[in-house]
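Source file: query_23.cif; contents: mmCIF, C-alpha atoms.
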data_target
#
loop_
_atom_site.label_atom_id
_atom_site.label_comp_id
_atom_site.auth_asym_id
_atom_site.auth_seq_id
_atom_site.Cartn_x
_atom_site.Cartn_y
_atom_site.Cartn_z
CA MET O 1 54.70 -47.78 63.39
CA THR O 2 57.17 -47.20 66.20
CA ARG O 3 56.62 -49.01 69.47
CA LEU O 4 56.94 -46.65 72.43
CA LEU O 5 58.80 -47.77 75.54
CA THR O 6 56.38 -45.88 77.81
CA PRO O 7 52.66 -45.07 77.79
CA HIS O 8 53.36 -41.41 78.60
CA ILE O 9 53.92 -38.97 75.74
CA ALA O 10 54.52 -35.26 75.32
CA THR O 11 55.24 -32.95 72.43
CA MET O 12 58.23 -30.67 72.01
CA THR O 13 55.89 -27.74 72.67
CA GLU O 14 54.82 -29.22 76.01
CA LEU O 15 58.47 -29.32 77.07
CA ARG O 16 58.32 -25.55 77.50
CA GLU O 17 56.96 -26.50 80.94
CA PRO O 18 58.89 -29.66 81.83
CA HIS O 19 57.66 -29.71 85.43
CA LYS O 20 54.11 -30.19 84.15
CA VAL O 21 55.19 -33.02 81.85
CA LEU O 22 56.89 -34.85 84.73
CA ALA O 23 53.97 -34.23 87.10
CA ARG O 24 51.47 -35.59 84.57
CA ALA O 25 53.60 -38.71 84.04
CA GLY O 26 53.75 -39.39 87.77
CA GLY O 27 57.50 -39.88 87.88
CA ARG O 28 57.62 -42.28 84.94
CA PRO O 29 59.56 -41.87 81.65
CA VAL O 30 57.94 -39.80 78.91
CA ALA O 31 58.35 -40.26 75.15
CA ILE O 32 58.93 -36.91 73.43
CA LEU O 33 57.33 -36.66 70.00
CA ARG O 34 57.94 -34.30 67.11
CA ASN O 35 55.70 -34.69 64.07
CA SER O 36 54.40 -37.98 65.51
CA GLU O 37 57.93 -39.44 65.70
CA VAL O 38 59.79 -40.27 68.91
CA VAL O 39 62.81 -37.99 69.22
CA ALA O 40 63.77 -38.60 72.87
CA TYR O 41 62.77 -39.99 76.22
CA PHE O 42 62.51 -37.66 79.21
CA ILE O 43 63.10 -39.33 82.56
CA PRO O 44 63.13 -37.97 86.11
CA ALA O 45 66.57 -37.72 87.72
CA ASP O 46 65.64 -40.21 90.44
CA LEU O 47 65.19 -42.90 87.77
CA ALA O 48 68.44 -42.05 86.00
CA HIS O 49 70.40 -41.63 89.23
CA PRO O 50 68.63 -43.37 92.14
CA GLU O 51 71.31 -42.18 94.52
CA TRP O 52 70.08 -38.60 94.02
CA ALA O 53 66.67 -39.56 95.42
CA ASP O 54 68.31 -41.06 98.52
CA PRO O 55 68.42 -38.37 101.23
CA GLY O 56 71.16 -40.34 102.98
CA HIS O 57 73.45 -40.23 99.93
CA PRO O 58 76.36 -37.89 100.71
CA GLY O 59 76.55 -36.48 97.20
CA TYR O 60 79.76 -35.86 95.31
CA GLY O 61 82.47 -33.46 96.41
CA SER O 62 84.11 -33.07 93.01
CA TRP O 63 83.85 -33.96 89.33
CA ASP O 64 86.51 -36.61 89.96
CA GLU O 65 84.12 -38.40 92.32
CA VAL O 66 81.31 -38.19 89.75
CA PHE O 67 83.49 -39.72 87.02
CA ALA O 68 84.78 -42.38 89.42
CA ALA O 69 81.17 -43.39 90.16
CA LEU O 70 80.39 -43.53 86.44
CA ASN O 71 83.46 -45.69 85.82
CA LEU O 72 82.31 -48.09 88.53
CA ARG O 73 78.98 -48.42 86.70
CA GLU O 74 80.79 -49.20 83.44
CA GLU O 75 82.92 -51.87 85.15
CA ALA O 76 79.77 -53.45 86.62
CA GLY O 77 78.65 -54.51 83.15
CA PRO O 78 75.81 -53.70 80.80
CA PRO O 79 72.59 -52.13 82.08
CA LEU O 80 69.76 -54.38 83.19
CA HIS O 81 67.49 -52.88 80.53
CA PRO O 82 69.50 -52.48 77.31
CA SER O 83 68.40 -49.88 74.82
CA PRO O 84 66.46 -51.00 71.72
CA ALA O 85 69.52 -50.19 69.59
CA ASP O 86 71.53 -52.75 71.57
CA ALA O 87 68.98 -55.47 70.79
CA ASP O 88 69.79 -55.24 67.07
CA THR O 89 73.48 -56.04 67.51
CA GLU O 90 74.95 -59.53 67.63
CA PRO O 91 76.87 -60.46 70.77
CA THR O 92 80.61 -60.74 70.27
CA SER O 93 82.77 -63.41 71.84
#
Re-express the file's structure as structure tokens.
Amino acid sequence: MTRLLTPHIATMTELREPHKVLARAGGRPVAILRNSEVVAYFIPADLAHPEWADPGHPGYGSWDEVFAALNLREEAGPPLHPSPADADTEPTS
């Protein structure tokens, strides 16, 4: 049995109306199931990119600025919540 990373689930069919899936989850991540197997996680943009939810954020003027911001994230180190796949790997020194 697969352990889900969120209590909210939806089927591929329900994704025909993604706004309803997000509304029902109350802004939390949703596990997407196909044939009772997790195939993806659907998360609101404000969780993936908190700066988008900030009305004071100036946005990005070009793709160069977007990629520069992503590079800064990479240089900052690993995410605070590593993916389950990362947990299976041994740290390298």
Gap from atom CA of Leu22 of chain O to atom CA of Pro44 of chain O - Å, one decimal: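 We find that atom CA of Leu22 of chain O and atom CA of Pro44 of chain O lie 7.1 Å from each other.
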Using all atoms listed in the file, which residue out of O:Ala10, O:Leu15, O:Val30, O:Val21 lies closest to Ile43 of chain O?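 Of O:Ala10, O:Leu15, O:Val30, O:Val21, the one nearest Ile43 of chain O, counting all atoms listed in the file, is O:Val30.
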Specify as a count of residues only each residue included when the PyMOL selection byres ((chain O and resi 4-9) around 10) is applied to this file. 23
